[in-house]
Each structure stands twice: as structure tokens, then as C-alpha cells.
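**Q** File input19.txt follows (compact mmCIF, C-alpha atoms):
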# COMPACT_ATOMS: atom_id res chain seq x y z
CA MET A 1 0.00 0.00 0.00
CA PRO A 2 1.52 3.39 -0.99
CA SER A 3 2.54 5.77 1.77
CA PRO A 4 -0.10 8.40 2.55
CA SER A 5 2.51 11.07 1.99
CA ARG A 6 3.45 9.83 -1.46
CA ASP A 7 2.96 12.13 -4.46
CA SER A 8 0.29 10.62 -6.69
CA SER A 9 2.51 11.00 -9.73
CA ALA A 10 5.02 8.61 -8.15
CA THR A 11 2.53 5.73 -8.14
CA GLN A 12 2.11 5.91 -11.89
CA THR A 13 4.24 3.98 -14.29
CA ASN A 14 6.80 5.90 -16.28
CA TRP A 15 4.59 5.50 -19.36
CA ASP A 16 1.68 7.13 -17.56
CA LEU A 17 3.89 10.05 -16.62
CA ILE A 18 5.29 10.45 -20.14
CA ARG A 19 1.85 10.46 -21.73
CA ASP A 20 0.62 12.96 -19.17
CA ALA A 21 3.73 15.12 -19.58
CA ALA A 22 3.00 15.51 -23.28
CA SER A 23 -0.74 15.92 -22.88
CA GLY A 24 -0.82 19.58 -21.95
CA SER A 25 -3.01 18.76 -18.96
CA GLU A 26 -2.84 20.60 -15.64
CA SER A 27 -0.67 17.86 -14.21
CA ALA A 28 1.69 17.77 -17.20
CA ARG A 29 4.36 19.87 -15.54
CA GLY A 30 4.39 17.70 -12.43
CA SER A 31 4.56 14.56 -14.54
CA LEU A 32 7.41 15.97 -16.57
CA ASP A 33 9.35 16.81 -13.43
CA ALA A 34 8.69 13.35 -11.99
CA VAL A 35 9.84 11.42 -15.05
CA THR A 36 12.78 13.75 -15.55
CA LYS A 37 13.87 13.21 -11.97
CA ARG A 38 13.80 9.46 -12.52
CA ALA A 39 15.56 9.45 -15.86
CA TRP A 40 18.03 12.33 -15.72
CA PRO A 41 20.74 10.77 -13.51
CA ALA A 42 20.96 7.57 -15.53
CA VAL A 43 20.94 9.39 -18.87
CA TYR A 44 23.64 11.75 -17.67
CA ALA A 45 25.71 8.83 -16.36
CA TYR A 46 25.53 7.12 -19.74
CA ILE A 47 26.53 10.22 -21.67
CA ARG A 48 29.29 11.11 -19.22
CA ALA A 49 30.71 7.58 -19.35
CA SER A 50 30.72 7.73 -23.15
CA GLY A 51 33.64 10.16 -22.93
CA ARG A 52 32.06 13.60 -22.70
CA GLN A 53 33.20 16.17 -20.19
CA SER A 54 30.72 16.98 -17.44
CA GLU A 55 29.36 20.24 -18.85
CA GLU A 56 28.95 18.83 -22.34
CA ALA A 57 27.31 15.73 -20.87
CA ALA A 58 24.92 17.92 -18.91
CA GLU A 59 23.98 19.91 -22.01
CA LEU A 60 23.47 16.75 -24.04
CA THR A 61 21.32 15.32 -21.28
CA GLN A 62 19.19 18.44 -21.17
CA GLY A 63 18.85 18.26 -24.94
CA PHE A 64 17.93 14.60 -24.86
CA MET A 65 15.25 15.18 -22.25
CA ALA A 66 13.81 18.05 -24.27
CA ASP A 67 14.00 16.36 -27.66
CA VAL A 68 12.93 12.87 -26.64
CA PHE A 69 10.29 13.63 -24.05
CA LEU A 70 8.79 16.81 -25.37
CA SER A 71 9.00 16.06 -29.04
CA ARG A 72 6.78 13.03 -28.33
CA GLN A 73 9.30 10.55 -29.68
CA LEU A 74 9.04 8.48 -26.54
CA LEU A 75 5.30 8.96 -26.39
CA GLY A 76 5.03 7.56 -29.89
CA LYS A 77 6.77 4.42 -28.72
CA ALA A 78 4.99 4.28 -25.36
CA ASP A 79 2.72 1.33 -25.83
CA GLN A 80 2.34 -2.04 -24.19
CA SER A 81 4.76 -3.71 -26.56
CA ARG A 82 7.66 -1.53 -25.45
CA GLY A 83 7.77 -3.25 -22.06
CA ARG A 84 10.57 -1.94 -19.97
CA PHE A 85 11.23 1.74 -19.62
CA ARG A 86 14.88 1.21 -18.79
CA THR A 87 15.69 -0.63 -22.01
CA LEU A 88 13.80 1.86 -24.14
CA LEU A 89 15.53 4.74 -22.40
CA ILE A 90 19.04 3.38 -22.83
CA ASN A 91 18.38 2.57 -26.49
CA SER A 92 17.02 6.05 -27.03
CA VAL A 93 20.07 7.65 -25.45
CA ARG A 94 22.36 5.49 -27.56
CA ASN A 95 20.53 6.54 -30.72
CA TYR A 96 20.47 10.16 -29.62
CA LEU A 97 24.24 10.27 -29.20
CA ALA A 98 24.67 8.74 -32.64
CA ASP A 99 22.64 11.67 -33.99
CA MET A 100 24.21 14.34 -31.75
CA HIS A 101 25.86 16.30 -34.51
CA ARG A 102 22.50 17.37 -35.85
CA ARG A 103 21.32 18.33 -32.34
CA GLN A 104 24.51 20.25 -31.62
CA THR A 105 24.15 22.13 -34.86
CA ALA A 106 20.57 22.98 -34.06
CA GLY A 107 21.64 24.15 -30.61
CA LEU A 108 20.29 23.27 -27.22
CA ARG A 109 16.50 23.19 -27.20
CA LYS A 110 14.62 23.94 -24.12
CA PRO A 111 10.91 23.72 -23.53
CA THR A 112 8.91 26.73 -22.46
CA GLY A 113 9.54 27.06 -18.73
CA GLY A 114 12.67 24.93 -18.95
CA ILE A 115 13.54 21.55 -17.56
CA THR A 116 14.86 21.27 -14.06
CA PRO A 117 18.39 22.54 -14.46
CA LEU A 118 21.53 20.92 -13.20
CA ASP A 119 21.77 23.14 -10.14
CA GLN A 120 18.32 22.21 -8.94
CA MET A 121 19.18 18.56 -9.42
CA ARG A 122 22.23 19.08 -7.24
CA GLU A 123 20.15 20.76 -4.54
CA ARG A 124 17.82 17.77 -4.52
CA GLY A 125 20.71 15.37 -4.14
CA ASP A 126 20.41 13.99 -7.66
CA GLU A 127 23.71 15.55 -8.62
CA PRO A 128 25.54 13.68 -11.36
CA VAL A 129 28.26 11.33 -10.27
CA ASP A 130 31.50 11.11 -12.17
CA THR A 131 31.18 7.71 -13.85
CA SER A 132 33.73 8.35 -16.54
CA GLU A 133 35.62 5.15 -15.70
CA ALA A 134 32.64 2.83 -16.12
CA SER A 135 31.19 1.61 -19.41
CA PRO A 136 28.20 3.72 -20.51
CA GLU A 137 25.82 0.81 -20.00
CA ARG A 138 27.10 0.00 -16.53
CA ALA A 139 27.12 3.67 -15.59
CA PHE A 140 23.54 4.01 -16.79
CA ASN A 141 22.31 0.93 -14.96
CA ALA A 142 24.14 1.74 -11.73
CA ARG A 143 22.67 5.23 -11.69
CA TYR A 144 19.25 3.91 -12.69
CA VAL A 145 19.22 1.55 -9.73
CA ALA A 146 20.57 4.25 -7.43
CA VAL A 147 17.61 6.45 -8.32
CA LEU A 148 15.21 3.61 -7.54
CA ILE A 149 16.91 2.97 -4.22
CA ARG A 150 16.83 6.66 -3.37
CA ALA A 151 13.12 6.87 -4.18
CA ALA A 152 12.39 3.78 -2.08
CA SER A 153 14.50 5.13 0.78
CA GLU A 154 12.68 8.45 0.75
CA ARG A 155 9.34 6.67 0.93
CA LEU A 156 10.54 4.47 3.79
CA HIS A 157 11.81 7.52 5.63
CA ALA A 158 8.46 9.26 5.21
CA GLU A 159 6.57 6.21 6.46
CA LEU A 160 8.75 5.73 9.50
CA ALA A 161 8.66 9.44 10.31
CA SER A 162 4.90 9.42 10.00
CA ALA A 163 4.75 6.48 12.41
CA GLY A 164 7.03 8.25 14.89
CA ASP A 165 9.74 5.63 14.39
CA LEU A 166 12.80 7.62 13.41
CA ALA A 167 14.93 5.19 15.40
CA SER A 168 14.25 2.50 12.81
CA TRP A 169 15.10 4.95 10.02
CA GLU A 170 18.39 5.86 11.66
CA ILE A 171 19.29 2.18 12.06
CA PHE A 172 18.34 1.46 8.43
CA GLN A 173 20.21 4.47 7.13
CA ALA A 174 23.35 3.53 9.04
CA ARG A 175 23.38 -0.23 8.48
CA VAL A 176 22.07 -0.37 4.90
CA LEU A 177 22.37 2.91 3.03
CA ARG A 178 25.73 3.95 4.39
CA ALA A 179 27.00 0.40 3.89
CA ALA A 180 25.78 0.40 0.27
CA PHE A 181 26.99 3.84 -0.71
CA ASP A 182 29.95 4.47 1.60
CA GLY A 183 31.07 0.89 2.19
CA ASN A 184 31.03 1.59 5.90
CA ALA A 185 28.30 0.54 8.35
CA PRO A 186 28.39 1.72 11.98
CA SER A 187 28.10 -1.13 14.46
CA TYR A 188 25.12 -1.67 16.70
CA ASP A 189 27.35 -0.70 19.60
CA GLU A 190 27.61 2.76 18.03
CA ILE A 191 24.01 3.02 16.87
CA GLY A 192 22.27 1.59 19.94
CA PRO A 193 23.16 4.38 22.38
CA ARG A 194 22.23 7.03 19.78
CA VAL A 195 18.72 5.65 19.34
CA GLY A 196 18.34 4.41 22.89
CA LEU A 197 17.85 0.76 21.99
CA ASP A 198 19.72 -2.42 22.82
CA LYS A 199 21.41 -4.48 20.15
CA GLY A 200 18.76 -7.15 19.86
CA THR A 201 15.99 -4.62 19.40
CA CYS A 202 18.05 -2.65 16.86
CA ALA A 203 18.60 -5.77 14.79
CA ALA A 204 14.93 -6.77 14.94
CA ARG A 205 13.82 -3.25 13.95
CA LEU A 206 16.27 -3.31 11.05
CA LEU A 207 14.77 -6.57 9.77
CA VAL A 208 11.31 -4.99 9.71
CA ALA A 209 12.65 -1.85 7.99
CA LYS A 210 14.56 -3.82 5.38
CA ARG A 211 11.52 -5.87 4.52
CA ARG A 212 9.42 -2.77 4.10
CA PHE A 213 12.18 -1.23 2.00
CA ALA A 214 12.24 -4.32 -0.21
CA SER A 215 8.48 -4.07 -0.69
CA ILE A 216 8.70 -0.40 -1.62
CA LEU A 217 11.61 -1.04 -3.96
CA MET A 218 9.55 -3.65 -5.77
CA GLU A 219 6.77 -1.09 -6.20
CA GLU A 220 9.23 1.43 -7.61
CA LEU A 221 10.57 -1.18 -10.02
CA ARG A 222 7.08 -2.20 -11.10
CA ALA A 223 6.44 1.42 -12.03
CA THR A 224 9.16 1.17 -14.65
CA ILE A 225 7.49 -1.61 -16.61
CA ASP A 226 4.10 -1.90 -18.23
CA ASN A 227 3.79 -5.68 -18.30
CA PRO A 228 3.99 -7.33 -14.85
CA ALA A 229 5.30 -10.44 -16.55
CA ASP A 230 8.49 -8.49 -17.31
CA LEU A 231 9.26 -7.82 -13.65
CA GLN A 232 11.25 -10.94 -12.85
CA ALA A 233 13.25 -10.59 -16.05
CA GLU A 234 14.00 -6.97 -15.20
CA ILE A 235 15.20 -7.92 -11.71
CA THR A 236 17.37 -10.73 -13.07
CA GLU A 237 18.87 -8.50 -15.71
CA LEU A 238 19.61 -5.63 -13.34
CA ARG A 239 21.30 -7.93 -10.84
CA ALA A 240 23.41 -9.49 -13.59
CA LEU A 241 24.35 -6.13 -15.06
CA LEU A 242 25.42 -4.77 -11.68
CA SER A 243 27.35 -7.90 -10.77
CA ASN A 244 29.30 -8.30 -13.99
CA GLY A 245 30.59 -4.77 -14.35
CA MET B 1 11.24 -29.66 10.14
CA TYR B 2 14.22 -27.37 10.62
CA GLU B 3 17.47 -29.16 9.93
CA LEU B 4 20.74 -28.74 11.74
CA GLU B 5 22.72 -29.88 8.72
CA PRO B 6 24.81 -27.05 7.36
CA ASP B 7 23.97 -25.55 4.01
CA PRO B 8 27.24 -25.70 2.07
CA ASN B 9 26.08 -22.94 -0.25
CA ARG B 10 25.36 -20.44 2.46
CA GLN B 11 28.06 -18.38 4.09
CA PRO B 12 27.65 -15.86 6.86
CA SER B 13 27.63 -12.40 5.38
CA SER B 14 27.71 -8.94 6.75
CA ASP B 15 25.55 -6.10 5.54
CA ALA B 16 28.40 -3.81 6.48
CA HIS B 17 29.92 -4.50 3.05
CA ASN B 18 26.85 -4.34 0.81
CA THR B 19 27.43 -3.01 -2.66
CA LEU B 20 24.65 -1.35 -4.58
CA GLY B 21 23.98 -4.63 -6.35
CA ASP B 22 24.00 -6.53 -3.05
CA THR B 23 21.35 -4.22 -1.62
CA LEU B 24 19.14 -4.87 -4.63
CA SER B 25 19.80 -8.61 -4.43
CA TRP B 26 19.02 -8.72 -0.74
CA ALA B 27 15.78 -6.84 -1.27
CA PHE B 28 14.52 -9.35 -3.79
CA GLU B 29 15.80 -12.50 -2.10
CA LEU B 30 14.17 -11.64 1.20
CA ASP B 31 10.85 -11.37 -0.55
CA ASN B 32 10.92 -15.10 -1.28
CA SER B 33 12.63 -16.40 1.84
CA PRO B 34 11.44 -19.32 3.97
CA ALA B 35 10.45 -18.84 7.61
CA ILE B 36 13.90 -19.48 9.03
CA ALA B 37 15.63 -16.94 6.77
CA GLY B 38 14.55 -13.94 8.82
CA ALA B 39 15.61 -15.54 12.08
CA THR B 40 18.91 -16.56 10.52
CA TRP B 41 19.59 -13.06 9.28
CA LEU B 42 18.75 -11.69 12.72
CA THR B 43 21.01 -14.24 14.39
CA ARG B 44 23.98 -13.27 12.23
CA GLU B 45 23.55 -9.62 13.13
CA ILE B 46 24.40 -10.63 16.70
CA VAL B 47 26.55 -13.74 16.23
CA PRO B 48 28.22 -13.06 12.86
CA ASN B 49 29.69 -16.51 12.29
CA ALA B 50 26.54 -18.48 13.06
CA ARG B 51 25.19 -20.84 10.41
CA ASP B 52 21.66 -20.50 11.68
CA PRO B 53 19.76 -19.73 14.93
CA PHE B 54 20.14 -23.29 16.25
CA ASP B 55 23.87 -23.24 15.67
CA ALA B 56 24.20 -19.96 17.55
CA ILE B 57 22.15 -21.16 20.51
CA LEU B 58 24.00 -24.47 20.83
CA ASP B 59 27.50 -23.08 20.28
CA ALA B 60 29.51 -23.05 23.51
CA ALA B 61 31.28 -19.93 22.27
CA THR B 62 28.06 -17.89 22.31
CA THR B 63 28.26 -15.75 25.42
CA ALA B 64 25.51 -15.07 27.92
CA LYS B 65 25.39 -11.48 26.64
CA GLN B 66 24.90 -12.68 23.09
CA LEU B 67 22.18 -15.08 24.22
CA GLU B 68 20.43 -12.19 25.90
CA GLU B 69 20.71 -10.08 22.75
CA LEU B 70 19.37 -12.98 20.69
CA LYS B 71 16.54 -13.39 23.19
CA THR B 72 15.56 -9.74 22.74
CA ALA B 73 15.68 -10.01 18.97
CA TYR B 74 13.59 -13.20 18.83
CA LYS B 75 11.14 -11.73 21.31
CA MET B 76 10.47 -8.88 18.92
CA LEU B 77 10.29 -11.24 15.95
CA ARG B 78 7.49 -13.11 17.73
CA THR B 79 5.23 -10.15 16.99
CA THR B 80 6.86 -8.53 13.94
CA GLY B 81 7.58 -11.66 11.93
CA ALA B 82 6.23 -11.61 8.39
CA THR B 83 4.43 -14.96 8.59
CA MET B 84 2.88 -17.22 11.23
CA PRO B 85 5.60 -19.88 10.81
CA GLU B 86 8.23 -17.21 11.35
CA ARG B 87 6.52 -15.86 14.46
CA ASN B 88 6.10 -19.37 15.87
CA LEU B 89 9.74 -20.17 15.22
CA ALA B 90 10.74 -16.94 16.94
CA ALA B 91 8.74 -17.97 20.01
CA ARG B 92 10.63 -21.26 20.19
CA LEU B 93 13.98 -19.57 19.68
CA TYR B 94 13.12 -17.09 22.40
CA ALA B 95 12.54 -19.94 24.84
CA ALA B 96 15.65 -21.75 23.61
CA THR B 97 17.93 -18.79 24.30
CA ILE B 98 16.66 -18.58 27.87
CA ALA B 99 17.18 -22.30 28.27
CA ALA B 100 20.70 -22.11 26.82
CA ALA B 101 21.68 -19.31 29.18
CA LEU B 102 20.44 -21.36 32.16
CA VAL B 103 22.15 -24.56 31.06
CA ARG B 104 25.50 -23.24 29.88
CA HIS B 105 25.97 -20.04 31.85
CA ASN B 106 23.80 -20.71 34.88
CA THR B 107 22.24 -17.33 34.21
CA LEU B 108 18.63 -16.28 34.12
CA ILE B 109 18.21 -13.74 31.32
CA THR B 110 14.51 -13.14 31.66
CA ARG B 111 12.09 -11.62 34.13
CA GLN B 112 9.31 -13.98 33.19
CA SER B 113 7.56 -15.81 35.98
CA ASP B 114 8.45 -19.40 36.67
CA ALA B 115 5.04 -20.53 35.47
CA ALA B 116 5.48 -18.72 32.16
CA LEU B 117 8.94 -20.22 31.73
CA THR B 118 7.62 -23.70 32.39
CA ARG B 119 4.98 -23.18 29.76
CA ALA B 120 7.50 -21.90 27.23
CA PHE B 121 9.88 -24.78 27.85
CA ASP B 122 7.07 -27.32 27.59
CA GLU B 123 6.00 -25.88 24.24
CA LEU B 124 9.57 -25.87 23.00
CA TYR B 125 10.07 -29.49 23.98
CA ALA B 126 6.80 -30.54 22.36
CA ASP B 127 7.49 -28.82 19.03
CA GLU B 128 8.82 -31.55 16.78
CA THR B 129 9.66 -29.10 14.00
CA ILE B 130 12.56 -27.90 16.16
CA PRO B 131 15.82 -29.89 16.13
CA GLU B 132 16.04 -32.34 19.01
CA ARG B 133 19.22 -30.90 20.51
CA ILE B 134 17.46 -27.58 20.88
CA ARG B 135 14.40 -29.20 22.40
CA MET B 136 16.58 -31.04 24.92
CA LEU B 137 17.71 -27.67 26.24
CA ALA B 138 14.21 -27.23 27.59
CA THR B 139 14.52 -30.42 29.65
CA LEU B 140 17.94 -29.51 30.97
CA ALA B 141 16.85 -25.98 31.81
CA ALA B 142 13.93 -27.21 33.90
CA ASP B 143 16.19 -28.07 36.85
CA ALA B 144 18.83 -25.40 36.37
CA PRO B 145 20.00 -23.95 39.71
CA ALA B 146 19.72 -20.38 38.45
CA ARG B 147 16.08 -20.95 37.72
CA ARG B 148 15.42 -21.97 41.30
CA SER B 149 16.63 -18.57 42.42
CA ASN B 150 14.14 -16.80 40.14
CA PRO B 151 12.50 -14.11 42.30
CA ARG B 152 9.32 -14.63 40.30
CA ALA B 153 9.17 -18.37 41.01
Could you write out this structure as C-alpha cells?

**A**
Amino acid sequence: MPSPSRDSSATQTNWDLIRDAASGSESARGSLDAVTKRAWPAVYAYIRASGRQSEEAAELTQGFMADVFLSRQLLGKADQSRGRFRTLLINSVRNYLADMHRRQTAGLRKPTGGITPLDQMRERGDEPVDTSEASPERAFNARYVAVLIRAASERLHAELASAGDLASWEIFQARVLRAAFDGNAPSYDEIGPRVGLDKGTCAARLLVAKRRFASILMEELRATIDNPADLQAEITELRALLSNG
Amino acid sequence: MYELEPDPNRQPSSDAHNTLGDTLSWAFELDNSPAIAGATWLTREIVPNARDPFDAILDAATTAKQLEELKTAYKMLRTTGATMPERNLAARLYAATIAAALVRHNTLITRQSDAALTRAFDELYADETIPERIRMLATLAADAPARRSNPRA
């Protein structure tokens, strides 16, 4: 069940958001921001890892988002048969780069009102990561998954805060998120006194939080595909892609 | 029936070294785990080298402090467990940790009344899904000296 505090646009699939973004409806702007937030980091990571310097990569990413999303190219392909958003997105970026000379000649296009610029992305914590040493595909997939994990973490945080259980959030953040992103997890001996809980209770609370996180993460992943039958294949592929490097 | 035989494919792991891919893998594996998986994960958070909860409880190297920490964790899992089998298992493990502390460390790590302890040990002994060596702890704990000094006897 979605968190009560969750933005309604976040429960829609990416295809729903794309169609709405191009519809001119009252919610189009919100949908555009939502899908851009999801896609931008991974697209930037791909372009950056393809050998472009950061500023050029940022400009190309902005151009891609404007050309592909607002020119209805993705909308035209957004039907049930397209399946997974991730694979369509990475293919679109690959094709876009192959055609970049034309776009560079035409100059950077921006929609009326602009797309969330790089600085705003940085303020939100979606700042681009230097992935220039990874292959473009690995960089894209790593960033893609990172965005999913961030979205799931934010939802978990909101749920736990709403329930008055920030202790569980602090334990989860320390033992899972910091371990995943920093490679360093504080021990229960450090965490316990901070949250006022003994080790056994900390561990048990973390199990509950991790399970809820897993459930939310599955919801976030389901939002990236149209056909539920594709879910297991998407999970398998993402795990393989992240493991093999 | 929960087996004491070691799973050769399973190694103790620490979440302290999760990569991004590991976090994703964990999230999806846990969704399909059997009842003992949650208790095993919890056990390894407290006794990192344990194969499973039974191994940790029976291991002479597990200290009284660790048994008490395990007891607290299983106690919470009795109510927060994802499934009925998991919650039932947690109840048995909870009793088993108390029994192990009595038998091996002559220490009472609970404030439960003597009547409640007797009930818990009886249920542990009667549960044939639990490995016999664990169930025998309940019998041995029944006459433990530390239990006789229980102020709530």
C-alpha cells in the first residue's frame, strides 16, 4: 500500500507520466518533473561515461530530455509492446548520441519554462556522479538503480517518520544505506546508544525496515514496466548487469 | 522440520559490506525467503559466524550477553515476523535462548515468571519441528539452579 505522503505521480508507471507530460493537462508539468527526476541521472551517467566532459554531458542530457520527451518521440513508442522503460531509455540515449551532430548544430533546445536545471538537481541530491571510468551501460544501470533505491529510501523515511519511528530509520540508514553507498556501516554498539535501543531490538527493527524497503523497492521497479510479466526478467537483468561490471 | 545440517552454499555475510547490487539482491531475495531466513539473518547480526539460529544457541562460544541479545531479537520477531511460521519459530527460539543461558551459563536472562517459563519450555520441547538438541535444552533448563533462584518463582 503506498505511503499516505506519497505524491500521486510517483505511483504511476513511467509510461503514464510520459503520456501525461506531453498531454498539456494541468498535471503535465508535475509529470514531466517526476519522469525527468527518474531518468536524468541515468541518462547523464551514460553520456558522461561515453567520454564527454561533465558540462557537455549535462547539455546533451538536457537536450535529450527536451528532444525525446517533449518532441513526443518516446510517447510515440509508449505502448504495451515496449515493455521496460529502462531498455527503451538506454536505447534512445544510444541513438540520440549517434545523432548528436544534428542536435549540436541545431543548438540546445529547451521547452517553455525549462527543464529542471543541473543546479536544482544538485540541490535535490540527484547531482551527477562522475562515472567516466565505467562503461556507458554499466554507468547508466548503476545510476538507474541508485535512483530507484533513493526513491524507495525516501518513501521508507516518510513512512517511518509518519509512524514516529525515526529510530528504525536511523538504524536502516546507518546499516544499509551507508553500507551500500559508503562501504562503511556503523556497528550496533555505536548506533544503539544514539537511538536508545539495545542491540537485539536494533537488529529486529532493522529486519522490519529492510523488509518494508524491499516491498517499496519492488513497487518502484514495477512502475518502470508496463507488463507485470516483465518484472522478474527486469530484476534478473539488473542484478546481472550490476554484478558483472 | 528445521534441519541442523549445514547448508554448504550459504556463508555468513555482513551487511556492512553491501554493494549497490548486493542491496538490490538482498531486497529481492528476502521477498521469497522461507520462515527461518529472517531468524537466521537476525542471528547473524548478533553472532556473525553463526550458520543459523540453532547453531548460535547451541554453540559453547556464544556468550551469555549474546544469548540475551538474541533473546531480545527473537522476542520482537514473535510479533513482527512476516508470517505465522516465522513468528512461531521466533517464540521457540526465544525460549531456547533462555534455556541455553540457564544450562551453559547458569544465568537467568529473563524476568518472566516461573510458570510462564515452564509453559515456554514445555511448548519448546513438544514442538517436533525444532531440532532435538534444541528441544533437549528445555529439559535440561527445567532443573537449572539459576532458575530456582528466580525471584518470580

**Q** Find the distance between atom CA of Trp15 of chain A and atom CA of Leu32 of chain A and write it in Å to one decimal.

**A**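 According to the coordinates, atom CA of Trp15 of chain A and atom CA of Leu32 of chain A are separated by 11.2 Å.
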
**Q** For Pro85 of chain B, which residue among B:Ile57, B:Arg135, B:Ile130, B:Ala144 is the nearest when counting all atoms listed in the file?

**A**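 Looking only at the distances to Pro85 of chain B, the closest residue turns out to be B:Ile130.
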
**Q** In Å, with one decimal, what is the gap from atom CA of Lys210 of chain A to atom CA of Asn141 of chain A?

**A**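 Taking atom CA of Lys210 of chain A and atom CA of Asn141 of chain A, their separation equals 22.3 Å.
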
**Q** Point out the residue among A:Ala134, A:Ala174, A:Ala146, A:Met100 with the least atom-to-atom distance to Leu221 of chain A, counting all atoms listed in the file.

**A**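 Closest to Leu221 of chain A of all the choices is A:Ala146.
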
**Q** Could you check how far atom CA of Thr61 of chain A sits from atom CA of Tyr44 of chain A, in Å to one decimal?

**A** 5.6 Å

**Q** Taking the point (14.1, -1.9, 0.3) as given in the file, collect each protein or nucleic acid residue that comes within 8 Å of it, counting all atoms listed in the file, and present the set as number ranges by chain.

**A** A: 149, 152-153, 209-218; B: 23-24, 27

**Q** Return the single residue from B:Leu42, B:Gly81, B:Ala96, B:Glu86 that is closest to Phe54 of chain B, with distances computed using all atoms listed in the file.

**A**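 Answer, going by the shortest atom-to-atom distance: B:Ala96.
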
**Q** Counting only C-alpha atoms, collect the residues of chain A whose closest atom lies at most 6 Å from chain B, and write them out as an MDAnalysis selection string.

**A** chainID A and resid 179:180 183 185 200:201 204 214 242

**Q** Which is closer to Asp16 of chain A than all the others in A:Arg205, A:Gln62, A:Ala39, A:Asp226, using all atoms listed in the file?

**A**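 Once distances to Asp16 of chain A are computed over all atoms listed in the file, the minimum belongs to A:Asp226.
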
**Q** When you count all atoms listed in the file, which of these residues is closest to Val195 of chain A: A:Ala42, A:Leu166, A:Ala151, A:Leu207?

**A**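 The answer is A:Leu166, which sits nearest to Val195 of chain A.
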
**Q** Using the file's own x, y and z axes, what box holds all listed atoms of segment 118-127 of chain B with 3 Å on each side, keeping edges along x, y and z, and what are its centre and edge lengths in Å to one decimal, as lines of an AutoDock Vina configuration file?

**A**
center_x = 7.5
center_y = -26.2
center_z = 25.7
size_x = 11.1
size_y = 14.6
size_z = 19.4

**Q** Point out the residue among B:Ala90, B:Ala64, B:Ala141, B:Leu58 with the least atom-to-atom distance to Ile36 of chain B, counting only C-alpha atoms.

**A**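 Once distances to Ile36 of chain B are computed over only C-alpha atoms, the minimum belongs to B:Ala90.
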
**Q** List as a count of residues only the residues having at least one atom at most 6 Å from position (7.1, -15.4, 17.5) as given in the file, counting only C-alpha atoms.

**A** 8

**Q** With all atoms listed in the file as the counted atoms, please give the residues lying no more than 12 Å from Asp230 of chain A, apart from itself and same-chain residues fewer than 3 positions off, as a PyMOL selection string.

**A** chain A and resi 80-87+221-227+233-237
